[in-house]
There are 2 protein chains.
Amino acid sequence: MRLPDATNGDLVLIPTGLGDAPWTDYLPAAVQSRVVDIRHFVVENARTARAHLKRIDFPGTLRDTDIRELPIEGSEHELDALLAPALKGENVGLMSDAGCPAIADPGARLVARAHALGVRVVPLVGPSSILLGLMGSGLNGQNFAFHGYLPSAKDARDRRLRALEDESRRLTRTQIFIETPYRNEHLFAALLHVCQPSSRLCVARELATANEYLRTLSIADWRKTPPPLLAKRPTLFLLLA
Amino acid sequence: MRLPDATNGDLVLIPTGLGDAPWTDYLPAAVQSRVVDIRHFVVENARTARAHLKRIDFPGTLRDTDIRELPIEGSEHELDALLAPALKGENVGLMSDAGCPAIADPGARLVARAHALGVRVVPLVGPSSILLGLMGSGLNGQNFAFHGYLPSAKDARDRRLRALEDESRRLTRTQIFIETPYRNEHLFAALLHVCQPSSRLCVARELATANEYLRTLSIADWRKTPPPLLAKRPTLFLLLA
């Protein structure tokens, strides 16, 4: 364990936009000011990261900016190398492809190394589809769980949905999960097939973009409603039995 | 079930600041513009809400603004009355005392009524201590659960901590919980006493304020470290076994 050292730089966790909106739609001005002063970035994908930085009016040429991709299965040694500028007093920014870094993406291991090395971690305010979806769902926001992806095989997935619904009923817990976008319509159909008529399902699609769709109905009412367009569109599913 | 009606106003979910910072620190400019156009608000506490609105440069006199408190155990009828302006085409804003409405506060029932009445729900981007804490913790952001308050009686609380730790180990799940601020130090001491030395605990205090403190250590390392000042300061606890 190393103690936090005030001469170190920070690891700054930078949210990115969920769609194509201008940054003033999704980032506080103070967050943008803080980010444009950073010269070292660790990112999920360098090309996407450059596009994000251009979008927030990043000054100067990006060619002079140190942008490195986070190795998905990186060793502790590789992660520490990415944090080396912070140990020399310079801030390092962490960005994911969309939304908040280290939530539903591989960035958390870098954050854990920062804590271990005594580098201060500074999370910045920005958009998160999980949080926006939960706020907007009207489902229980006092007890909720995010499960990431469900199993892709039909039988395993349906068993999992039943187990999540049972647990939701027992604990009054909102269950939150996602699917790879091209399989969204299959998951939606499975939810209507497997869940109880009285359970409430929120479908939260393309949040914080011009195409935002956010609706909560009982399973019984969803069965009577034309299904929303979900194929290939980022969607969050929230279930409360 | 009523279909969404485009002539209705929206129920706009408005995040508020977590400390005393200026709004440009925690709200995107587009969010501020959207909020200052609203004339009907449903809030946790009218006095706090007026202070929030002043802080975001709300124009005109607040005396002419319709600010109503959300009844904690309000009937469906009472909730629908609060949404009446939306059915006449005017936007209604929902604000909690701190952070994001309908997350860890009673606002979710009003959001559920909006869905039932066919009023579009629009969640806006802003600060959430749960999300900032999870990002900054370096713990698992791909599987996590928020449990709200733990039991206050010592034996029940300790049993609950053990159960949460066991489940965390089994599912690689980050367990997130809070305590009434004057009992924070008791909960922190209980965590150090009850949990396994290898479990990792993040203490996230006064996030998004000038006093922000955010640190993740193993229980073994916390036992060797002077405890952080937590009494009467809003703190989020995150545990990963």
# chains A, B, ... in the order shown; residues from 1 in each chain; ligands from 1

call {"tool": "residues_around", "arguments": {"residues": "Asn45 in chain B", "least_positions_apart": "5", "cutoff": "12 Å", "atoms": "only C-alpha atoms", "output": "PyMOL selection string"}}
result
chain B and resi 50-52+67-72+94-98+105-107

call {"tool": "write_last_selection", "arguments": {"atoms": "N, CA and C atoms", "output": "mmCIF file, in the first residue's frame"}}
result
data_model
loop_
_atom_site.group_PDB
_atom_site.id
_atom_site.type_symbol
_atom_site.label_atom_id
_atom_site.label_comp_id
_atom_site.auth_asym_id
_atom_site.auth_seq_id
_atom_site.Cartn_x
_atom_site.Cartn_y
_atom_site.Cartn_z
ATOM 1 N N ARG B 50 -35.763 25.785 -3.695
ATOM 2 C CA ARG B 50 -35.592 27.212 -4.046
ATOM 3 C C ARG B 50 -34.119 27.579 -4.070
ATOM 4 N N ALA B 51 -33.370 27.061 -3.109
ATOM 5 C CA ALA B 51 -31.925 27.345 -3.088
ATOM 6 C C ALA B 51 -31.248 26.774 -4.343
ATOM 7 N N HIS B 52 -31.634 25.575 -4.745
ATOM 8 C CA HIS B 52 -31.067 24.988 -5.965
ATOM 9 C C HIS B 52 -31.389 25.847 -7.184
ATOM 10 N N ILE B 67 -44.056 25.487 -6.930
ATOM 11 C CA ILE B 67 -43.151 24.504 -6.314
ATOM 12 C C ILE B 67 -43.938 23.700 -5.290
ATOM 13 N N ARG B 68 -44.103 22.410 -5.529
ATOM 14 C CA ARG B 68 -44.880 21.583 -4.590
ATOM 15 C C ARG B 68 -44.042 20.440 -4.062
ATOM 16 N N GLU B 69 -44.260 20.113 -2.805
ATOM 17 C CA GLU B 69 -43.503 19.005 -2.216
ATOM 18 C C GLU B 69 -44.151 17.671 -2.538
ATOM 19 N N LEU B 70 -43.325 16.681 -2.784
ATOM 20 C CA LEU B 70 -43.780 15.330 -3.088
ATOM 21 C C LEU B 70 -44.203 14.662 -1.789
ATOM 22 N N PRO B 71 -45.478 14.212 -1.676
ATOM 23 C CA PRO B 71 -45.856 13.513 -0.441
ATOM 24 C C PRO B 71 -45.156 12.152 -0.387
ATOM 25 N N ILE B 72 -44.591 11.812 0.766
ATOM 26 C CA ILE B 72 -43.796 10.589 0.865
ATOM 27 C C ILE B 72 -44.652 9.353 0.635
ATOM 28 N N LEU B 94 -38.879 17.462 -11.739
ATOM 29 C CA LEU B 94 -38.772 16.733 -10.467
ATOM 30 C C LEU B 94 -37.336 16.882 -9.951
ATOM 31 N N MET B 95 -37.220 17.344 -8.700
ATOM 32 C CA MET B 95 -35.888 17.545 -8.096
ATOM 33 C C MET B 95 -35.843 16.900 -6.729
ATOM 34 N N SER B 96 -34.726 16.265 -6.405
ATOM 35 C CA SER B 96 -34.565 15.769 -5.044
ATOM 36 C C SER B 96 -33.618 16.712 -4.292
ATOM 37 N N ASP B 97 -33.345 16.411 -3.024
ATOM 38 C CA ASP B 97 -32.511 17.311 -2.227
ATOM 39 C C ASP B 97 -31.065 17.341 -2.693
ATOM 40 N N ALA B 98 -30.547 16.207 -3.175
ATOM 41 C CA ALA B 98 -29.154 16.159 -3.639
ATOM 42 C C ALA B 98 -29.032 15.007 -4.615
ATOM 43 N N ASP B 105 -34.243 7.850 -3.485
ATOM 44 C CA ASP B 105 -35.164 8.832 -2.903
ATOM 45 C C ASP B 105 -36.579 8.486 -3.349
ATOM 46 N N PRO B 106 -37.611 9.135 -2.774
ATOM 47 C CA PRO B 106 -38.983 8.657 -3.043
ATOM 48 C C PRO B 106 -39.570 9.067 -4.397
ATOM 49 N N GLY B 107 -38.827 9.722 -5.270
ATOM 50 C CA GLY B 107 -39.400 10.252 -6.522
ATOM 51 C C GLY B 107 -39.874 9.215 -7.526
#

call {"tool": "select_by_dssp", "arguments": {"residues": "range 60-90 of chain A", "states": "alpha helix (DSSP H)", "output": "ChimeraX atom specification"}}
result
/A:76-82,84-87

call {"tool": "write_last_selection", "arguments": {"atoms": "all heavy atoms", "output": "PDB file, in the first residue's frame"}}
result
ATOM      1  N   GLU A  76      -0.382  -6.246 -14.515  1.00  0.00           N
ATOM      2  CA  GLU A  76      -0.210  -5.152 -13.574  1.00  0.00           C
ATOM      3  C   GLU A  76       0.899  -4.197 -14.063  1.00  0.00           C
ATOM      4  O   GLU A  76       0.773  -2.983 -13.986  1.00  0.00           O
ATOM      5  CB  GLU A  76       0.200  -5.744 -12.223  1.00  0.00           C
ATOM      6  CG  GLU A  76      -0.321  -4.967 -11.061  1.00  0.00           C
ATOM      7  CD  GLU A  76      -0.272  -5.806  -9.779  1.00  0.00           C
ATOM      8  OE1 GLU A  76       0.805  -5.814  -9.160  1.00  0.00           O
ATOM      9  OE2 GLU A  76      -1.292  -6.426  -9.415  1.00  0.00           O
ATOM     10  N   HIS A  77       1.971  -4.798 -14.579  1.00  0.00           N
ATOM     11  CA  HIS A  77       3.101  -4.013 -15.073  1.00  0.00           C
ATOM     12  C   HIS A  77       2.675  -3.086 -16.220  1.00  0.00           C
ATOM     13  O   HIS A  77       3.038  -1.901 -16.248  1.00  0.00           O
ATOM     14  CB  HIS A  77       4.203  -4.980 -15.527  1.00  0.00           C
ATOM     15  CG  HIS A  77       5.432  -4.288 -15.981  1.00  0.00           C
ATOM     16  ND1 HIS A  77       6.349  -3.753 -15.101  1.00  0.00           N
ATOM     17  CD2 HIS A  77       5.889  -4.017 -17.227  1.00  0.00           C
ATOM     18  CE1 HIS A  77       7.329  -3.183 -15.792  1.00  0.00           C
ATOM     19  NE2 HIS A  77       7.073  -3.332 -17.082  1.00  0.00           N
ATOM     20  N   GLU A  78       1.897  -3.618 -17.160  1.00  0.00           N
ATOM     21  CA  GLU A  78       1.422  -2.780 -18.283  1.00  0.00           C
ATOM     22  C   GLU A  78       0.528  -1.639 -17.790  1.00  0.00           C
ATOM     23  O   GLU A  78       0.595  -0.507 -18.289  1.00  0.00           O
ATOM     24  CB  GLU A  78       0.626  -3.631 -19.279  1.00  0.00           C
ATOM     25  CG  GLU A  78       1.469  -4.536 -20.157  1.00  0.00           C
ATOM     26  CD  GLU A  78       0.580  -5.423 -21.037  1.00  0.00           C
ATOM     27  OE1 GLU A  78       0.093  -6.466 -20.533  1.00  0.00           O
ATOM     28  OE2 GLU A  78       0.349  -5.051 -22.205  1.00  0.00           O
ATOM     29  N   LEU A  79      -0.349  -1.971 -16.827  1.00  0.00           N
ATOM     30  CA  LEU A  79      -1.245  -0.931 -16.301  1.00  0.00           C
ATOM     31  C   LEU A  79      -0.432   0.153 -15.594  1.00  0.00           C
ATOM     32  O   LEU A  79      -0.675   1.353 -15.758  1.00  0.00           O
ATOM     33  CB  LEU A  79      -2.270  -1.548 -15.335  1.00  0.00           C
ATOM     34  CG  LEU A  79      -3.263  -2.541 -15.966  1.00  0.00           C
ATOM     35  CD1 LEU A  79      -4.157  -3.157 -14.895  1.00  0.00           C
ATOM     36  CD2 LEU A  79      -4.123  -1.859 -17.030  1.00  0.00           C
ATOM     37  N   ASP A  80       0.567  -0.265 -14.814  1.00  0.00           N
ATOM     38  CA  ASP A  80       1.383   0.717 -14.091  1.00  0.00           C
ATOM     39  C   ASP A  80       2.131   1.634 -15.066  1.00  0.00           C
ATOM     40  O   ASP A  80       2.304   2.827 -14.797  1.00  0.00           O
ATOM     41  CB  ASP A  80       2.361   0.007 -13.147  1.00  0.00           C
ATOM     42  CG  ASP A  80       1.623  -0.639 -11.964  1.00  0.00           C
ATOM     43  OD1 ASP A  80       0.371  -0.554 -11.927  1.00  0.00           O
ATOM     44  OD2 ASP A  80       2.290  -1.228 -11.097  1.00  0.00           O
ATOM     45  N   ALA A  81       2.558   1.067 -16.210  1.00  0.00           N
ATOM     46  CA  ALA A  81       3.250   1.892 -17.211  1.00  0.00           C
ATOM     47  C   ALA A  81       2.320   2.993 -17.728  1.00  0.00           C
ATOM     48  O   ALA A  81       2.763   4.128 -17.987  1.00  0.00           O
ATOM     49  CB  ALA A  81       3.745   1.012 -18.362  1.00  0.00           C
ATOM     50  N   LEU A  82       1.037   2.680 -17.856  1.00  0.00           N
ATOM     51  CA  LEU A  82       0.071   3.684 -18.327  1.00  0.00           C
ATOM     52  C   LEU A  82      -0.115   4.802 -17.299  1.00  0.00           C
ATOM     53  O   LEU A  82      -0.482   5.929 -17.647  1.00  0.00           O
ATOM     54  CB  LEU A  82      -1.282   3.019 -18.620  1.00  0.00           C
ATOM     55  CG  LEU A  82      -1.291   2.029 -19.785  1.00  0.00           C
ATOM     56  CD1 LEU A  82      -2.612   1.257 -19.829  1.00  0.00           C
ATOM     57  CD2 LEU A  82      -1.056   2.758 -21.108  1.00  0.00           C
ATOM     58  N   ALA A  84       2.371   5.868 -15.380  1.00  0.00           N
ATOM     59  CA  ALA A  84       3.679   6.481 -15.100  1.00  0.00           C
ATOM     60  C   ALA A  84       3.637   8.017 -15.123  1.00  0.00           C
ATOM     61  O   ALA A  84       4.224   8.659 -14.237  1.00  0.00           O
ATOM     62  CB  ALA A  84       4.734   5.936 -16.069  1.00  0.00           C
ATOM     63  N   PRO A  85       2.931   8.654 -16.099  1.00  0.00           N
ATOM     64  CA  PRO A  85       2.919  10.128 -16.078  1.00  0.00           C
ATOM     65  C   PRO A  85       2.358  10.687 -14.761  1.00  0.00           C
ATOM     66  O   PRO A  85       2.819  11.739 -14.295  1.00  0.00           O
ATOM     67  CB  PRO A  85       2.012  10.497 -17.258  1.00  0.00           C
ATOM     68  CG  PRO A  85       2.049   9.312 -18.181  1.00  0.00           C
ATOM     69  CD  PRO A  85       2.217   8.111 -17.280  1.00  0.00           C
ATOM     70  N   ALA A  86       1.386  10.003 -14.172  1.00  0.00           N
ATOM     71  CA  ALA A  86       0.802  10.499 -12.912  1.00  0.00           C
ATOM     72  C   ALA A  86       1.839  10.480 -11.800  1.00  0.00           C
ATOM     73  O   ALA A  86       1.853  11.366 -10.936  1.00  0.00           O
ATOM     74  CB  ALA A  86      -0.425   9.670 -12.524  1.00  0.00           C
ATOM     75  N   LEU A  87       2.730   9.485 -11.817  1.00  0.00           N
ATOM     76  CA  LEU A  87       3.770   9.412 -10.779  1.00  0.00           C
ATOM     77  C   LEU A  87       4.825  10.500 -10.985  1.00  0.00           C
ATOM     78  O   LEU A  87       5.612  10.794 -10.088  1.00  0.00           O
ATOM     79  CB  LEU A  87       4.406   8.017 -10.762  1.00  0.00           C
ATOM     80  CG  LEU A  87       3.415   6.882 -10.440  1.00  0.00           C
ATOM     81  CD1 LEU A  87       4.093   5.527 -10.536  1.00  0.00           C
ATOM     82  CD2 LEU A  87       2.790   7.064  -9.055  1.00  0.00           C
TER      83      LEU A  87
END

call {"tool": "interface_residues", "arguments": {"of": "chain A", "to": "chain B", "cutoff": "8 Å", "atoms": "only C-alpha atoms", "output": "MDAnalysis selection string"}}
result
chainID A and resid 1 13 24:31 100:105 107:113 115:116 120:128 131:148 208 214:217 221

call {"tool": "write_last_selection", "arguments": {"atoms": "C-alpha atoms", "output": "PDB file, in the first residue's frame"}}
result
ATOM      1  CA  MET A   1       0.000   0.000   0.000  1.00  0.00           C
ATOM      2  CA  LEU A  13     -12.230   9.624 -15.137  1.00  0.00           C
ATOM      3  CA  THR A  24     -22.611  21.421 -23.862  1.00  0.00           C
ATOM      4  CA  ASP A  25     -25.527  18.950 -23.901  1.00  0.00           C
ATOM      5  CA  TYR A  26     -23.798  16.363 -21.764  1.00  0.00           C
ATOM      6  CA  LEU A  27     -20.725  17.790 -19.968  1.00  0.00           C
ATOM      7  CA  PRO A  28     -20.531  20.541 -17.336  1.00  0.00           C
ATOM      8  CA  ALA A  29     -18.293  23.432 -18.437  1.00  0.00           C
ATOM      9  CA  ALA A  30     -15.884  22.738 -15.561  1.00  0.00           C
ATOM     10  CA  VAL A  31     -15.455  19.149 -16.750  1.00  0.00           C
ATOM     11  CA  CYS A 100     -18.666   6.635 -17.847  1.00  0.00           C
ATOM     12  CA  PRO A 101     -15.301   4.863 -17.702  1.00  0.00           C
ATOM     13  CA  ALA A 102     -14.977   1.839 -15.389  1.00  0.00           C
ATOM     14  CA  ILE A 103     -18.753   1.202 -15.430  1.00  0.00           C
ATOM     15  CA  ALA A 104     -19.685  -1.748 -17.657  1.00  0.00           C
ATOM     16  CA  ASP A 105     -16.250  -1.521 -19.334  1.00  0.00           C
ATOM     17  CA  GLY A 107     -11.343   0.472 -17.102  1.00  0.00           C
ATOM     18  CA  ALA A 108     -11.868  -0.518 -13.463  1.00  0.00           C
ATOM     19  CA  ARG A 109      -8.556  -2.411 -13.308  1.00  0.00           C
ATOM     20  CA  LEU A 110      -6.624   0.762 -14.154  1.00  0.00           C
ATOM     21  CA  VAL A 111      -8.517   2.649 -11.454  1.00  0.00           C
ATOM     22  CA  ALA A 112      -7.656  -0.108  -8.973  1.00  0.00           C
ATOM     23  CA  ARG A 113      -3.946   0.232  -9.840  1.00  0.00           C
ATOM     24  CA  HIS A 115      -5.463   3.398  -5.762  1.00  0.00           C
ATOM     25  CA  ALA A 116      -2.666   0.869  -5.157  1.00  0.00           C
ATOM     26  CA  ARG A 120      -5.655  10.226  -6.557  1.00  0.00           C
ATOM     27  CA  VAL A 121      -8.713   9.190  -8.577  1.00  0.00           C
ATOM     28  CA  VAL A 122     -11.093  11.940  -9.698  1.00  0.00           C
ATOM     29  CA  PRO A 123     -14.420  10.863 -11.251  1.00  0.00           C
ATOM     30  CA  LEU A 124     -16.074  13.596 -13.339  1.00  0.00           C
ATOM     31  CA  VAL A 125     -19.801  14.179 -13.860  1.00  0.00           C
ATOM     32  CA  GLY A 126     -21.282  13.033 -17.169  1.00  0.00           C
ATOM     33  CA  PRO A 127     -23.829  10.790 -18.855  1.00  0.00           C
ATOM     34  CA  SER A 128     -24.396   7.160 -17.877  1.00  0.00           C
ATOM     35  CA  LEU A 131     -28.179   5.933 -14.262  1.00  0.00           C
ATOM     36  CA  LEU A 132     -30.396   7.828 -16.731  1.00  0.00           C
ATOM     37  CA  GLY A 133     -32.380   4.668 -17.428  1.00  0.00           C
ATOM     38  CA  LEU A 134     -32.886   3.932 -13.748  1.00  0.00           C
ATOM     39  CA  MET A 135     -33.980   7.537 -12.994  1.00  0.00           C
ATOM     40  CA  GLY A 136     -36.365   7.514 -15.920  1.00  0.00           C
ATOM     41  CA  SER A 137     -37.803   4.049 -15.347  1.00  0.00           C
ATOM     42  CA  GLY A 138     -39.919   4.869 -12.298  1.00  0.00           C
ATOM     43  CA  LEU A 139     -38.842   1.476 -10.925  1.00  0.00           C
ATOM     44  CA  ASN A 140     -37.228   1.056  -7.514  1.00  0.00           C
ATOM     45  CA  GLY A 141     -34.184   3.341  -7.239  1.00  0.00           C
ATOM     46  CA  GLN A 142     -33.524   2.390  -3.602  1.00  0.00           C
ATOM     47  CA  ASN A 143     -32.527  -1.206  -4.389  1.00  0.00           C
ATOM     48  CA  PHE A 144     -31.158  -2.137  -7.808  1.00  0.00           C
ATOM     49  CA  ALA A 145     -28.570  -4.370  -9.442  1.00  0.00           C
ATOM     50  CA  PHE A 146     -26.749  -4.178 -12.757  1.00  0.00           C
ATOM     51  CA  HIS A 147     -25.952  -7.584 -14.250  1.00  0.00           C
ATOM     52  CA  GLY A 148     -24.263  -6.694 -17.548  1.00  0.00           C
ATOM     53  CA  ALA A 208     -29.288  11.190 -24.060  1.00  0.00           C
ATOM     54  CA  LEU A 214     -37.891   5.451 -22.604  1.00  0.00           C
ATOM     55  CA  ARG A 215     -41.023   3.617 -21.589  1.00  0.00           C
ATOM     56  CA  THR A 216     -42.188   1.504 -18.649  1.00  0.00           C
ATOM     57  CA  LEU A 217     -45.204  -0.805 -18.954  1.00  0.00           C
ATOM     58  CA  ASP A 221     -49.388  -4.047 -21.500  1.00  0.00           C
TER      59      ASP A 221
END

call {"tool": "residues_around", "arguments": {"residues": "range 209-211 of chain B", "least_positions_apart": "6", "cutoff": "7 Å", "atoms": "only C-alpha atoms", "output": "VMD selection string"}}
result
chain B and resid 18 to 19 21

call {"tool": "write_last_selection", "arguments": {"atoms": "all heavy atoms", "output": "tab-separated table (two decimals), in the first residue's frame"}}
result
chain	number	residue	atom	x	y	z
B	18	LEU	N	-24.19	18.29	-5.43
B	18	LEU	CA	-23.96	17.55	-4.20
B	18	LEU	C	-23.32	18.43	-3.13
B	18	LEU	O	-23.32	18.09	-1.97
B	18	LEU	CB	-23.08	16.33	-4.48
B	18	LEU	CG	-23.65	15.32	-5.50
B	18	LEU	CD1	-22.64	14.25	-5.84
B	18	LEU	CD2	-24.94	14.70	-4.99
B	19	GLY	N	-22.77	19.58	-3.51
B	19	GLY	CA	-22.15	20.46	-2.51
B	19	GLY	C	-22.52	21.91	-2.82
B	19	GLY	O	-23.65	22.19	-3.22
B	21	ALA	N	-20.77	23.94	-5.00
B	21	ALA	CA	-20.08	24.42	-6.19
B	21	ALA	C	-21.03	25.16	-7.12
B	21	ALA	O	-22.24	24.94	-7.07
B	21	ALA	CB	-19.47	23.23	-6.93

call {"tool": "residues_around", "arguments": {"residues": "Ala153 in chain A", "least_positions_apart": "6", "cutoff": "12 Å", "atoms": "only C-alpha atoms", "output": "ChimeraX atom specification"}}
result
/A:159-160,183,186-187,190

call {"tool": "atom_distance", "arguments": {"atom1": "CA of Ser152 in chain A", "atom2": "CA of Glu179 in chain A"}}
result
8.6 Å

call {"tool": "select_by_dssp", "arguments": {"residues": "range 5-224 of chain A", "states": "strand (DSSP E)", "output": "ChimeraX atom specification"}}
result
/A:11-14,40-43,66-69,92-95,121-123,144-149,174-178,200-205,213-218

call {"tool": "write_last_selection", "arguments": {"atoms": "N, CA and C atoms", "output": "tab-separated table (two decimals), in the first residue's frame"}}
result
chain	number	residue	atom	x	y	z
A	11	LEU	N	-5.57	10.52	-11.65
A	11	LEU	CA	-6.23	9.76	-12.71
A	11	LEU	C	-7.65	10.32	-12.80
A	12	VAL	N	-7.93	10.98	-13.94
A	12	VAL	CA	-9.20	11.70	-14.10
A	12	VAL	C	-10.13	10.83	-14.96
A	13	LEU	N	-11.30	10.52	-14.44
A	13	LEU	CA	-12.23	9.62	-15.14
A	13	LEU	C	-13.22	10.47	-15.93
A	14	ILE	N	-13.13	10.39	-17.26
A	14	ILE	CA	-13.81	11.33	-18.15
A	14	ILE	C	-14.99	10.67	-18.86
A	40	HIS	N	-2.21	13.34	-21.34
A	40	HIS	CA	-2.03	11.88	-21.39
A	40	HIS	C	-3.39	11.21	-21.22
A	41	PHE	N	-3.72	10.36	-22.17
A	41	PHE	CA	-5.02	9.68	-22.10
A	41	PHE	C	-4.85	8.17	-22.23
A	42	VAL	N	-5.64	7.44	-21.47
A	42	VAL	CA	-5.75	5.99	-21.62
A	42	VAL	C	-7.20	5.75	-22.06
A	43	VAL	N	-7.36	5.01	-23.16
A	43	VAL	CA	-8.68	4.96	-23.80
A	43	VAL	C	-9.01	3.54	-24.23
A	66	ASP	N	-0.61	12.33	-25.95
A	66	ASP	CA	-0.27	10.93	-25.67
A	66	ASP	C	-1.57	10.16	-25.44
A	67	ILE	N	-1.97	9.35	-26.44
A	67	ILE	CA	-3.22	8.58	-26.34
A	67	ILE	C	-2.89	7.09	-26.45
A	68	ARG	N	-3.11	6.35	-25.38
A	68	ARG	CA	-2.79	4.92	-25.40
A	68	ARG	C	-4.02	4.07	-25.13
A	69	GLU	N	-4.08	2.94	-25.80
A	69	GLU	CA	-5.23	2.06	-25.58
A	69	GLU	C	-5.00	1.17	-24.37
A	92	VAL	N	-3.55	12.05	-15.80
A	92	VAL	CA	-3.85	11.06	-16.84
A	92	VAL	C	-5.37	10.96	-16.92
A	93	GLY	N	-5.92	11.02	-18.14
A	93	GLY	CA	-7.37	10.90	-18.33
A	93	GLY	C	-7.74	9.50	-18.78
A	94	LEU	N	-8.79	8.95	-18.23
A	94	LEU	CA	-9.30	7.65	-18.67
A	94	LEU	C	-10.66	7.87	-19.33
A	95	MET	N	-10.79	7.37	-20.58
A	95	MET	CA	-12.05	7.53	-21.32
A	95	MET	C	-12.47	6.20	-21.89
A	121	VAL	N	-7.75	9.48	-7.52
A	121	VAL	CA	-8.71	9.19	-8.58
A	121	VAL	C	-9.82	10.23	-8.52
A	122	VAL	N	-10.10	10.87	-9.66
A	122	VAL	CA	-11.09	11.94	-9.70
A	122	VAL	C	-12.17	11.62	-10.73
A	123	PRO	N	-13.34	11.14	-10.29
A	123	PRO	CA	-14.42	10.86	-11.25
A	123	PRO	C	-15.15	12.15	-11.61
A	144	PHE	N	-31.27	-1.75	-6.40
A	144	PHE	CA	-31.16	-2.14	-7.81
A	144	PHE	C	-29.83	-2.84	-8.04
A	145	ALA	N	-29.81	-3.66	-9.09
A	145	ALA	CA	-28.57	-4.37	-9.44
A	145	ALA	C	-28.38	-4.33	-10.95
A	146	PHE	N	-27.12	-4.13	-11.34
A	146	PHE	CA	-26.75	-4.18	-12.76
A	146	PHE	C	-26.00	-5.48	-13.01
A	147	HIS	N	-26.48	-6.24	-14.01
A	147	HIS	CA	-25.95	-7.58	-14.25
A	147	HIS	C	-25.14	-7.69	-15.53
A	148	GLY	N	-24.97	-6.60	-16.27
A	148	GLY	CA	-24.26	-6.69	-17.55
A	148	GLY	C	-25.06	-7.51	-18.55
A	149	TYR	N	-24.36	-8.39	-19.28
A	149	TYR	CA	-24.99	-9.21	-20.32
A	149	TYR	C	-25.56	-10.49	-19.71
A	174	THR	N	-34.86	-3.60	-8.52
A	174	THR	CA	-34.85	-3.37	-9.97
A	174	THR	C	-33.65	-4.10	-10.57
A	175	GLN	N	-33.91	-4.96	-11.54
A	175	GLN	CA	-32.84	-5.72	-12.22
A	175	GLN	C	-32.53	-5.03	-13.54
A	176	ILE	N	-31.26	-4.71	-13.75
A	176	ILE	CA	-30.85	-3.95	-14.94
A	176	ILE	C	-29.89	-4.81	-15.76
A	177	PHE	N	-30.11	-4.90	-17.08
A	177	PHE	CA	-29.21	-5.69	-17.91
A	177	PHE	C	-29.20	-5.17	-19.33
A	178	ILE	N	-28.22	-5.65	-20.09
A	178	ILE	CA	-28.06	-5.20	-21.47
A	178	ILE	C	-27.90	-6.42	-22.37
A	200	ARG	N	-43.14	-5.16	-14.15
A	200	ARG	CA	-42.97	-3.95	-14.97
A	200	ARG	C	-41.62	-3.97	-15.67
A	201	LEU	N	-41.63	-3.65	-16.95
A	201	LEU	CA	-40.41	-3.64	-17.77
A	201	LEU	C	-40.21	-2.25	-18.33
A	202	CYS	N	-39.01	-1.70	-18.13
A	202	CYS	CA	-38.65	-0.43	-18.77
A	202	CYS	C	-37.68	-0.71	-19.90
A	203	VAL	N	-37.98	-0.16	-21.08
A	203	VAL	CA	-37.08	-0.24	-22.22
A	203	VAL	C	-36.51	1.16	-22.42
A	204	ALA	N	-35.19	1.29	-22.28
A	204	ALA	CA	-34.53	2.60	-22.34
A	204	ALA	C	-33.52	2.56	-23.48
A	205	ARG	N	-33.87	3.17	-24.60
A	205	ARG	CA	-33.08	3.04	-25.82
A	205	ARG	C	-32.44	4.37	-26.20
A	213	TYR	N	-35.68	6.83	-26.43
A	213	TYR	CA	-36.97	6.19	-26.22
A	213	TYR	C	-36.93	5.58	-24.83
A	214	LEU	N	-37.93	5.88	-24.00
A	214	LEU	CA	-37.89	5.45	-22.60
A	214	LEU	C	-39.32	5.19	-22.19
A	215	ARG	N	-39.64	3.92	-21.92
A	215	ARG	CA	-41.02	3.62	-21.59
A	215	ARG	C	-41.10	2.45	-20.63
A	216	THR	N	-41.96	2.57	-19.62
A	216	THR	CA	-42.19	1.50	-18.65
A	216	THR	C	-43.64	1.06	-18.74
A	217	LEU	N	-43.86	-0.23	-18.93
A	217	LEU	CA	-45.20	-0.81	-18.95
A	217	LEU	C	-45.15	-2.13	-18.23
A	218	SER	N	-46.31	-2.62	-17.83
A	218	SER	CA	-46.36	-3.99	-17.33
A	218	SER	C	-46.13	-4.94	-18.51
